[in-house]
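So the structure is just underneath, and the comments pick up after that.
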Amino acid sequence: MSLFNDISKVWSRYGDQILSGIANTVIISIIGTLIGLVIGLINGIIRTVPKPKNPVVKVILTVINWIINVYVEVFRGTPMMVQAMIIYWGYAYMNAGATLPLVPAGIVIVSINTGAYITEIVRGGIISIDRGQFEGAMSIGMSHFQTMLHVIIPQVMRNILPSVSNEFVVNIKDTSVLNVIGVTELYFYAASAAKNSYKIFASYLIACAIYFCLTFTVTRILRFAEKLIEGKANYTVFGSQSDSSAEIHVNTEKGGPENV
Amino acid sequence: MSEHVIEVNHLKKAFGKNVVLKDIDFSIVKGETVSVIGSSGSGKSTMLRCVNLLETPTAGEILFHGKNVQTELEVSKYRAKVGMVFQSFNLFDNLNALQNCMLGQTTVLKRSRAEARAKAMEYLEKVGMTPYINAKPRQLSGGQKQRVAIARALAMDPEVILFDEPTSALDPEMVGEVLSVMKRLSESGMTMIVVTHEMAFARDVSDRVVFMSDGLICEQGTPDEVFGDPKRDETKSFLSRFLNQ
Ligand SMILES: Nc1ncnc2c1ncn2[C@@H]1O[C@H](COP(=O)(O)OP(=O)(O)O)[C@@H](O)[C@H]1O
Ligand SMILES: [Mg+2]
């Protein structure tokens, strides 16, 4: 069949390029999502700081919150393709035509864009934690920051993991827009193979299959990771009435600790 | 005269226009167990929460060993000395029983992990939770959670513990295990303020009973006085309603 022929021709000629494109796609989306997560955590934490009493601190915090709001609204309200052009060419404009190296530029763009989405996810995650968790910590004298670090953020991380995974999967697909500034990711090489070989359908079919394999695999891996973080439903009870050195393994899925 | 550990003078608390505490004068001496009773909505929780500064008083002062807790003491140091046990437990969901009892010690009191662990183990044993040290809150029953919460408060070596209806969220068969821990604690000389609807506990365990009504302390006295011979009509009607249930 000729489609098979086309595909194998494109692959044998441009396969190496496409593979290096996959590497860039994966690198940019992983690092971009991680940095975006850090940005989102910092912003989310700042946005949920309780109202300070000191008037100067209060003004500073209000200004920072305002900046974060603008950042979130602007980056969620414009296409990443346009953001890529503005950041890349804006940098060149302000630096006498000197451009950023492409892959780092791609990482910066994806990070900033993802950070805007994850800021909102983190804020929602923090707000959804029961007040009682804060009060339990406050009642023994823990500061807001200590409470965040040891109690709230660990729970938020667990709760937002599915949403962050989702951002990662979105990023794998959306890094394709970085081809507008010439980042040599998967789509860039698929497009160049299409252009050079004139086998347009076959070239994009290859890209499509690879994107799907990437997102499918990543989704499965992250689901598995979520399960691991969910934690063991079982725990070990130390000691028993008769033998204090005995360890009893309790499976809370089958029956609560009451049934020991 | 024995020294007041906590003294509350003319405490007032309003949420917007809603004046919840009108004018509360209250004090407790070392080793005393005071039960606070009263209808739902009378301001019992709000009073406890003001004492712990979970709510900021609208007016009035709270003294701890004679020092104003809002102006003369550091909030976190003060709170570390005044433990609180909540109706809804408020254990840290991401930590196991042992870690729950260690966190405040390592972060607030700056104790070493080894010291914090030893202390946590000691109090978890006192409340009978040694077998469950590595269970997370969601793996524990209500009564077990509340016992861990008591151990968490105790592990800070507080001078006073505030209890806000510690058994109200429990299934009936678990109330006893928590009350017996509290009774032992009271007998060991801990200073305790207990908001409760467990009249038997208030009568048998406390040194003094405070009856609150409509944002005021309406009547107080020994359990015999308040339960045996209530002076105010509000107290009488509350008790008769309660005991008839
Ligand atoms: N955070 C709050 N904001 C507004 N009103 C509150 C708040 N907390 C308590 N109240 C009100 O204060 C009153 C007393 O509540 P509370 O102290 O919980 O009473 P109790 O513990 O005696 O049942 C209630 O009418 C309640 O609605
Ligand atoms: Mg209450």
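Numbering starts fresh at 1 for the residues of each chain in the structure tokens, the chains themselves are lettered A, B, ... in the order given, and ligands are numbered from 1 as they appear.
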Quiz item: Near A:Ile127, within 12 Å and counting only C-alpha atoms, which residues show up once chain neighbours fewer than 2 positions away are dropped, as an NGL selection string?
Solution: :A and (44-45 or 47-50 or 120-125 or 129-134 or 148 or 152-153 or 155-156 or 159-160)
May I have the selected residues written with C-alpha atoms, as a short mmCIF file (atom, residue, chain, number, x, y, z; two decimals), in the first residue's frame?
```
data_model
loop_
_atom_site.label_atom_id
_atom_site.label_comp_id
_atom_site.auth_asym_id
_atom_site.auth_seq_id
_atom_site.Cartn_x
_atom_site.Cartn_y
_atom_site.Cartn_z
CA GLY A 44 -0.78 30.32 45.32
CA ILE A 45 0.91 30.56 48.71
CA ARG A 47 -2.30 34.77 47.36
CA THR A 48 -3.59 32.92 50.43
CA VAL A 49 -1.46 34.70 53.04
CA PRO A 50 -3.82 35.97 55.75
CA GLU A 120 -5.20 29.09 40.08
CA ILE A 121 -5.09 25.35 40.69
CA VAL A 122 -2.94 25.81 43.81
CA ARG A 123 -5.10 28.60 45.16
CA GLY A 124 -8.18 26.42 44.73
CA GLY A 125 -6.29 23.56 46.37
CA ILE A 129 -8.36 22.43 52.63
CA ASP A 130 -10.57 22.31 55.71
CA ARG A 131 -10.17 25.31 58.09
CA GLY A 132 -9.68 22.79 60.84
CA GLN A 133 -6.25 21.88 59.48
CA PHE A 134 -5.10 25.48 59.96
CA MET A 148 1.76 25.78 55.01
CA ILE A 152 -1.23 22.35 53.97
CA ILE A 153 1.10 22.13 50.98
CA GLN A 155 -2.13 17.91 51.20
CA VAL A 156 -2.52 20.42 48.39
CA ASN A 159 -5.01 16.99 45.74
CA ILE A 160 -3.75 18.92 42.74
#
```
Quiz item: Using only C-alpha atoms and all ligand atoms, what are the residues with an atom within 7 Å of ligand 1, set out as a PyMOL selection string?
Solution: chain B and resi 15+18+20+38-47
With all heavy atoms kept, could you save the residues just selected as a PDB file, in the first residue's frame?
```
ATOM      1  N   PHE B  15     -19.297  39.495  65.779  1.00  0.00           N
ATOM      2  CA  PHE B  15     -19.052  39.209  64.359  1.00  0.00           C
ATOM      3  C   PHE B  15     -19.939  40.171  63.589  1.00  0.00           C
ATOM      4  O   PHE B  15     -21.145  39.989  63.524  1.00  0.00           O
ATOM      5  CB  PHE B  15     -19.424  37.777  64.006  1.00  0.00           C
ATOM      6  CG  PHE B  15     -18.554  36.747  64.675  1.00  0.00           C
ATOM      7  CD1 PHE B  15     -19.015  36.040  65.772  1.00  0.00           C
ATOM      8  CD2 PHE B  15     -17.271  36.489  64.204  1.00  0.00           C
ATOM      9  CE1 PHE B  15     -18.222  35.086  66.391  1.00  0.00           C
ATOM     10  CE2 PHE B  15     -16.478  35.542  64.820  1.00  0.00           C
ATOM     11  CZ  PHE B  15     -16.948  34.842  65.912  1.00  0.00           C
ATOM     12  N   ASN B  18     -23.402  41.173  64.974  1.00  0.00           N
ATOM     13  CA  ASN B  18     -23.843  40.109  65.866  1.00  0.00           C
ATOM     14  C   ASN B  18     -22.930  40.024  67.092  1.00  0.00           C
ATOM     15  O   ASN B  18     -21.812  39.524  67.014  1.00  0.00           O
ATOM     16  CB  ASN B  18     -23.851  38.797  65.077  1.00  0.00           C
ATOM     17  CG  ASN B  18     -24.359  37.628  65.898  1.00  0.00           C
ATOM     18  OD1 ASN B  18     -24.896  37.818  66.982  1.00  0.00           O
ATOM     19  ND2 ASN B  18     -24.167  36.421  65.381  1.00  0.00           N
ATOM     20  N   VAL B  20     -21.731  38.330  70.045  1.00  0.00           N
ATOM     21  CA  VAL B  20     -21.822  36.945  70.505  1.00  0.00           C
ATOM     22  C   VAL B  20     -21.420  36.824  71.973  1.00  0.00           C
ATOM     23  O   VAL B  20     -22.029  36.089  72.745  1.00  0.00           O
ATOM     24  CB  VAL B  20     -20.946  36.042  69.614  1.00  0.00           C
ATOM     25  CG1 VAL B  20     -20.911  34.638  70.157  1.00  0.00           C
ATOM     26  CG2 VAL B  20     -21.484  36.038  68.190  1.00  0.00           C
ATOM     27  N   GLY B  38     -24.195  25.174  78.443  1.00  0.00           N
ATOM     28  CA  GLY B  38     -25.106  26.198  77.935  1.00  0.00           C
ATOM     29  C   GLY B  38     -25.666  25.791  76.594  1.00  0.00           C
ATOM     30  O   GLY B  38     -25.126  24.902  75.928  1.00  0.00           O
ATOM     31  N   SER B  39     -26.754  26.436  76.192  1.00  0.00           N
ATOM     32  CA  SER B  39     -27.405  26.060  74.934  1.00  0.00           C
ATOM     33  C   SER B  39     -26.493  26.325  73.759  1.00  0.00           C
ATOM     34  O   SER B  39     -25.592  27.163  73.838  1.00  0.00           O
ATOM     35  CB  SER B  39     -28.680  26.861  74.703  1.00  0.00           C
ATOM     36  OG  SER B  39     -29.290  27.164  75.897  1.00  0.00           O
ATOM     37  N   SER B  40     -26.778  25.662  72.693  1.00  0.00           N
ATOM     38  CA  SER B  40     -26.048  25.879  71.464  1.00  0.00           C
ATOM     39  C   SER B  40     -26.276  27.314  70.997  1.00  0.00           C
ATOM     40  O   SER B  40     -27.390  27.818  71.052  1.00  0.00           O
ATOM     41  CB  SER B  40     -26.549  24.851  70.446  1.00  0.00           C
ATOM     42  OG  SER B  40     -26.259  25.271  69.176  1.00  0.00           O
ATOM     43  N   GLY B  41     -25.194  27.973  70.603  1.00  0.00           N
ATOM     44  CA  GLY B  41     -25.319  29.365  70.159  1.00  0.00           C
ATOM     45  C   GLY B  41     -25.114  30.379  71.272  1.00  0.00           C
ATOM     46  O   GLY B  41     -25.146  31.584  71.039  1.00  0.00           O
ATOM     47  N   SER B  42     -24.875  29.895  72.499  1.00  0.00           N
ATOM     48  CA  SER B  42     -24.729  30.838  73.612  1.00  0.00           C
ATOM     49  C   SER B  42     -23.343  31.471  73.659  1.00  0.00           C
ATOM     50  O   SER B  42     -23.105  32.382  74.443  1.00  0.00           O
ATOM     51  CB  SER B  42     -25.037  30.134  74.936  1.00  0.00           C
ATOM     52  OG  SER B  42     -24.198  29.021  75.108  1.00  0.00           O
ATOM     53  N   GLY B  43     -22.409  30.989  72.841  1.00  0.00           N
ATOM     54  CA  GLY B  43     -21.100  31.624  72.752  1.00  0.00           C
ATOM     55  C   GLY B  43     -19.969  30.853  73.425  1.00  0.00           C
ATOM     56  O   GLY B  43     -18.863  31.373  73.582  1.00  0.00           O
ATOM     57  N   LYS B  44     -20.216  29.590  73.766  1.00  0.00           N
ATOM     58  CA  LYS B  44     -19.199  28.799  74.466  1.00  0.00           C
ATOM     59  C   LYS B  44     -17.945  28.615  73.615  1.00  0.00           C
ATOM     60  O   LYS B  44     -16.822  28.870  74.054  1.00  0.00           O
ATOM     61  CB  LYS B  44     -19.766  27.418  74.854  1.00  0.00           C
ATOM     62  CG  LYS B  44     -21.058  27.476  75.640  1.00  0.00           C
ATOM     63  CD  LYS B  44     -21.596  26.106  75.983  1.00  0.00           C
ATOM     64  CE  LYS B  44     -21.919  25.220  74.784  1.00  0.00           C
ATOM     65  NZ  LYS B  44     -23.051  25.718  73.968  1.00  0.00           N
ATOM     66  N   SER B  45     -18.159  28.171  72.372  1.00  0.00           N
ATOM     67  CA  SER B  45     -17.004  27.959  71.487  1.00  0.00           C
ATOM     68  C   SER B  45     -16.270  29.266  71.247  1.00  0.00           C
ATOM     69  O   SER B  45     -15.034  29.311  71.264  1.00  0.00           O
ATOM     70  CB  SER B  45     -17.445  27.415  70.131  1.00  0.00           C
ATOM     71  OG  SER B  45     -18.049  26.166  70.300  1.00  0.00           O
ATOM     72  N   THR B  46     -17.027  30.334  71.025  1.00  0.00           N
ATOM     73  CA  THR B  46     -16.403  31.626  70.748  1.00  0.00           C
ATOM     74  C   THR B  46     -15.527  32.049  71.927  1.00  0.00           C
ATOM     75  O   THR B  46     -14.427  32.561  71.734  1.00  0.00           O
ATOM     76  CB  THR B  46     -17.474  32.687  70.447  1.00  0.00           C
ATOM     77  OG1 THR B  46     -18.310  32.188  69.404  1.00  0.00           O
ATOM     78  CG2 THR B  46     -16.851  33.995  70.019  1.00  0.00           C
ATOM     79  N   MET B  47     -16.003  31.796  73.134  1.00  0.00           N
ATOM     80  CA  MET B  47     -15.188  32.164  74.291  1.00  0.00           C
ATOM     81  C   MET B  47     -13.874  31.386  74.297  1.00  0.00           C
ATOM     82  O   MET B  47     -12.801  31.960  74.447  1.00  0.00           O
ATOM     83  CB  MET B  47     -15.950  31.900  75.592  1.00  0.00           C
ATOM     84  CG  MET B  47     -15.145  32.333  76.810  1.00  0.00           C
ATOM     85  SD  MET B  47     -15.983  32.055  78.374  1.00  0.00           S
ATOM     86  CE  MET B  47     -15.610  30.345  78.665  1.00  0.00           C
TER      87      MET B  47
END
```
Contacts of stretch 95-98 of chain B at 6 Å (only C-alpha atoms; same-chain gap of 2+ positions) as a PDB file with N, CA and C atoms, in the first residue's frame:
```pdb
ATOM      1  N   PHE B  92      -3.781  16.539  61.699  1.00  0.00           N
ATOM      2  CA  PHE B  92      -3.186  16.791  60.389  1.00  0.00           C
ATOM      3  C   PHE B  92      -3.373  15.547  59.525  1.00  0.00           C
ATOM      4  N   ASP B  93      -4.152  15.688  58.467  1.00  0.00           N
ATOM      5  CA  ASP B  93      -4.549  14.521  57.669  1.00  0.00           C
ATOM      6  C   ASP B  93      -3.387  13.862  56.931  1.00  0.00           C
ATOM      7  N   ASN B 100       1.753  13.554  64.058  1.00  0.00           N
ATOM      8  CA  ASN B 100       0.832  14.573  64.544  1.00  0.00           C
ATOM      9  C   ASN B 100       1.266  15.105  65.905  1.00  0.00           C
ATOM     10  N   CYS B 101       1.776  14.188  66.724  1.00  0.00           N
ATOM     11  CA  CYS B 101       2.167  14.590  68.077  1.00  0.00           C
ATOM     12  C   CYS B 101       3.578  15.176  68.108  1.00  0.00           C
ATOM     13  N   ILE B 133       0.436   4.182  66.241  1.00  0.00           N
ATOM     14  CA  ILE B 133       1.300   5.338  65.972  1.00  0.00           C
ATOM     15  C   ILE B 133       1.505   5.604  64.490  1.00  0.00           C
ATOM     16  N   ASN B 134       1.473   4.584  63.654  1.00  0.00           N
ATOM     17  CA  ASN B 134       1.704   4.862  62.232  1.00  0.00           C
ATOM     18  C   ASN B 134       0.440   4.855  61.386  1.00  0.00           C
ATOM     19  N   ALA B 135      -0.692   5.028  62.045  1.00  0.00           N
ATOM     20  CA  ALA B 135      -1.948   5.135  61.296  1.00  0.00           C
ATOM     21  C   ALA B 135      -2.237   6.602  61.003  1.00  0.00           C
ATOM     22  N   LYS B 136      -2.750   6.835  59.804  1.00  0.00           N
ATOM     23  CA  LYS B 136      -3.163   8.187  59.435  1.00  0.00           C
ATOM     24  C   LYS B 136      -4.552   8.453  60.024  1.00  0.00           C
TER      25      LYS B 136
END
```
Exercise. At a cut-off of 7 Å, list the chain B residues touching chain A, using only C-alpha atoms, as JSON, numbers by chain.
Key: {"B": [52, 76, 77, 79, 80, 83, 84, 90, 91, 92, 94, 104, 107, 108, 131, 132, 134, 135, 139, 140, 153]}
Write the residues of the preceding selection, restricted to N, CA, C and O atoms, as a PDB file, in the first residue's frame.
```pdb
ATOM      1  N   ASN B  52      -7.853  31.192  73.117  1.00  0.00           N
ATOM      2  CA  ASN B  52      -6.726  30.662  72.351  1.00  0.00           C
ATOM      3  C   ASN B  52      -6.295  31.617  71.228  1.00  0.00           C
ATOM      4  O   ASN B  52      -5.374  31.348  70.472  1.00  0.00           O
ATOM      5  N   SER B  76       2.568  32.696  69.374  1.00  0.00           N
ATOM      6  CA  SER B  76       2.876  31.275  69.195  1.00  0.00           C
ATOM      7  C   SER B  76       3.359  30.651  70.502  1.00  0.00           C
ATOM      8  O   SER B  76       3.019  29.516  70.826  1.00  0.00           O
ATOM      9  N   LYS B  77       4.126  31.403  71.289  1.00  0.00           N
ATOM     10  CA  LYS B  77       4.586  30.872  72.589  1.00  0.00           C
ATOM     11  C   LYS B  77       3.401  30.672  73.525  1.00  0.00           C
ATOM     12  O   LYS B  77       3.322  29.688  74.255  1.00  0.00           O
ATOM     13  N   ARG B  79       0.201  30.212  72.628  1.00  0.00           N
ATOM     14  CA  ARG B  79      -0.649  29.107  72.166  1.00  0.00           C
ATOM     15  C   ARG B  79      -0.035  27.760  72.504  1.00  0.00           C
ATOM     16  O   ARG B  79      -0.733  26.788  72.777  1.00  0.00           O
ATOM     17  N   ALA B  80       1.307  27.692  72.447  1.00  0.00           N
ATOM     18  CA  ALA B  80       1.962  26.433  72.785  1.00  0.00           C
ATOM     19  C   ALA B  80       1.678  26.051  74.229  1.00  0.00           C
ATOM     20  O   ALA B  80       1.677  24.871  74.579  1.00  0.00           O
ATOM     21  N   GLY B  83      -3.219  24.412  75.146  1.00  0.00           N
ATOM     22  CA  GLY B  83      -3.618  23.437  74.131  1.00  0.00           C
ATOM     23  C   GLY B  83      -5.097  23.536  73.833  1.00  0.00           C
ATOM     24  O   GLY B  83      -5.867  24.096  74.609  1.00  0.00           O
ATOM     25  N   MET B  84      -5.477  23.012  72.680  1.00  0.00           N
ATOM     26  CA  MET B  84      -6.898  23.023  72.350  1.00  0.00           C
ATOM     27  C   MET B  84      -7.288  21.704  71.693  1.00  0.00           C
ATOM     28  O   MET B  84      -6.573  21.198  70.834  1.00  0.00           O
ATOM     29  N   ASN B  90      -9.438  17.899  64.127  1.00  0.00           N
ATOM     30  CA  ASN B  90      -8.443  18.731  63.445  1.00  0.00           C
ATOM     31  C   ASN B  90      -7.037  18.154  63.485  1.00  0.00           C
ATOM     32  O   ASN B  90      -6.051  18.888  63.601  1.00  0.00           O
ATOM     33  N   LEU B  91      -6.940  16.839  63.384  1.00  0.00           N
ATOM     34  CA  LEU B  91      -5.610  16.222  63.242  1.00  0.00           C
ATOM     35  C   LEU B  91      -5.094  16.544  61.850  1.00  0.00           C
ATOM     36  O   LEU B  91      -5.864  16.758  60.929  1.00  0.00           O
ATOM     37  N   PHE B  92      -3.781  16.539  61.699  1.00  0.00           N
ATOM     38  CA  PHE B  92      -3.186  16.791  60.389  1.00  0.00           C
ATOM     39  C   PHE B  92      -3.373  15.547  59.525  1.00  0.00           C
ATOM     40  O   PHE B  92      -2.820  14.488  59.806  1.00  0.00           O
ATOM     41  N   ASN B  94      -2.322  14.651  56.692  1.00  0.00           N
ATOM     42  CA  ASN B  94      -1.196  14.094  55.927  1.00  0.00           C
ATOM     43  C   ASN B  94      -0.182  13.394  56.807  1.00  0.00           C
ATOM     44  O   ASN B  94       0.780  12.815  56.306  1.00  0.00           O
ATOM     45  N   GLY B 104       4.339  19.920  66.272  1.00  0.00           N
ATOM     46  CA  GLY B 104       4.363  21.151  67.063  1.00  0.00           C
ATOM     47  C   GLY B 104       5.627  21.239  67.913  1.00  0.00           C
ATOM     48  O   GLY B 104       6.200  22.308  68.093  1.00  0.00           O
ATOM     49  N   THR B 107       8.597  22.120  65.449  1.00  0.00           N
ATOM     50  CA  THR B 107       8.540  23.428  64.788  1.00  0.00           C
ATOM     51  C   THR B 107       8.414  24.588  65.780  1.00  0.00           C
ATOM     52  O   THR B 107       9.090  25.596  65.639  1.00  0.00           O
ATOM     53  N   VAL B 108       7.560  24.419  66.787  1.00  0.00           N
ATOM     54  CA  VAL B 108       7.301  25.540  67.698  1.00  0.00           C
ATOM     55  C   VAL B 108       8.274  25.530  68.873  1.00  0.00           C
ATOM     56  O   VAL B 108       8.867  26.543  69.216  1.00  0.00           O
ATOM     57  N   PRO B 131      -0.566   1.403  69.867  1.00  0.00           N
ATOM     58  CA  PRO B 131      -0.609   0.485  68.713  1.00  0.00           C
ATOM     59  C   PRO B 131      -0.842   1.197  67.380  1.00  0.00           C
ATOM     60  O   PRO B 131      -0.625   0.608  66.327  1.00  0.00           O
ATOM     61  N   TYR B 132      -1.290   2.409  67.413  1.00  0.00           N
ATOM     62  CA  TYR B 132      -1.707   3.055  66.167  1.00  0.00           C
ATOM     63  C   TYR B 132      -0.796   4.197  65.737  1.00  0.00           C
ATOM     64  O   TYR B 132      -1.206   5.058  64.963  1.00  0.00           O
ATOM     65  N   ASN B 134       1.473   4.584  63.654  1.00  0.00           N
ATOM     66  CA  ASN B 134       1.704   4.862  62.232  1.00  0.00           C
ATOM     67  C   ASN B 134       0.440   4.855  61.386  1.00  0.00           C
ATOM     68  O   ASN B 134       0.482   4.743  60.171  1.00  0.00           O
ATOM     69  N   ALA B 135      -0.692   5.028  62.045  1.00  0.00           N
ATOM     70  CA  ALA B 135      -1.948   5.135  61.296  1.00  0.00           C
ATOM     71  C   ALA B 135      -2.237   6.602  61.003  1.00  0.00           C
ATOM     72  O   ALA B 135      -2.003   7.472  61.830  1.00  0.00           O
ATOM     73  N   GLN B 139      -7.572   6.571  58.974  1.00  0.00           N
ATOM     74  CA  GLN B 139      -7.630   5.149  59.287  1.00  0.00           C
ATOM     75  C   GLN B 139      -8.095   4.902  60.719  1.00  0.00           C
ATOM     76  O   GLN B 139      -8.148   3.763  61.164  1.00  0.00           O
ATOM     77  N   LEU B 140      -8.391   5.978  61.441  1.00  0.00           N
ATOM     78  CA  LEU B 140      -8.760   5.838  62.846  1.00  0.00           C
ATOM     79  C   LEU B 140     -10.242   6.138  63.065  1.00  0.00           C
ATOM     80  O   LEU B 140     -10.851   6.900  62.322  1.00  0.00           O
ATOM     81  N   ALA B 153      -1.966  17.679  71.980  1.00  0.00           N
ATOM     82  CA  ALA B 153      -1.993  18.853  72.856  1.00  0.00           C
ATOM     83  C   ALA B 153      -1.047  18.650  74.038  1.00  0.00           C
ATOM     84  O   ALA B 153      -0.250  19.525  74.379  1.00  0.00           O
TER      85      ALA B 153
END
```
Practice problem: Find the distance between atom CA of A:Asn95 and atom CA of A:Thr33 and write it in Å to one decimal. | Solution: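 About the pair atom CA of A:Asn95 and atom CA of A:Thr33: they are 27.2 Å apart.
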Self-check item: Counting only C-alpha atoms, the option among B:Pro223, B:Gly228, B:Gly189, B:Gly60 closest to B:Arg203
Solution: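 Comparing B:Pro223, B:Gly228, B:Gly189, B:Gly60 against B:Arg203, the winner is B:Pro223.
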Exercise. Please give the complete set of residues from stretch 146-195 of chain B that DSSP, run on the backbone, assigns to helix (DSSP H, G or I), formatted as a PyMOL selection string.
Key: chain B and resi 146-154+172-187
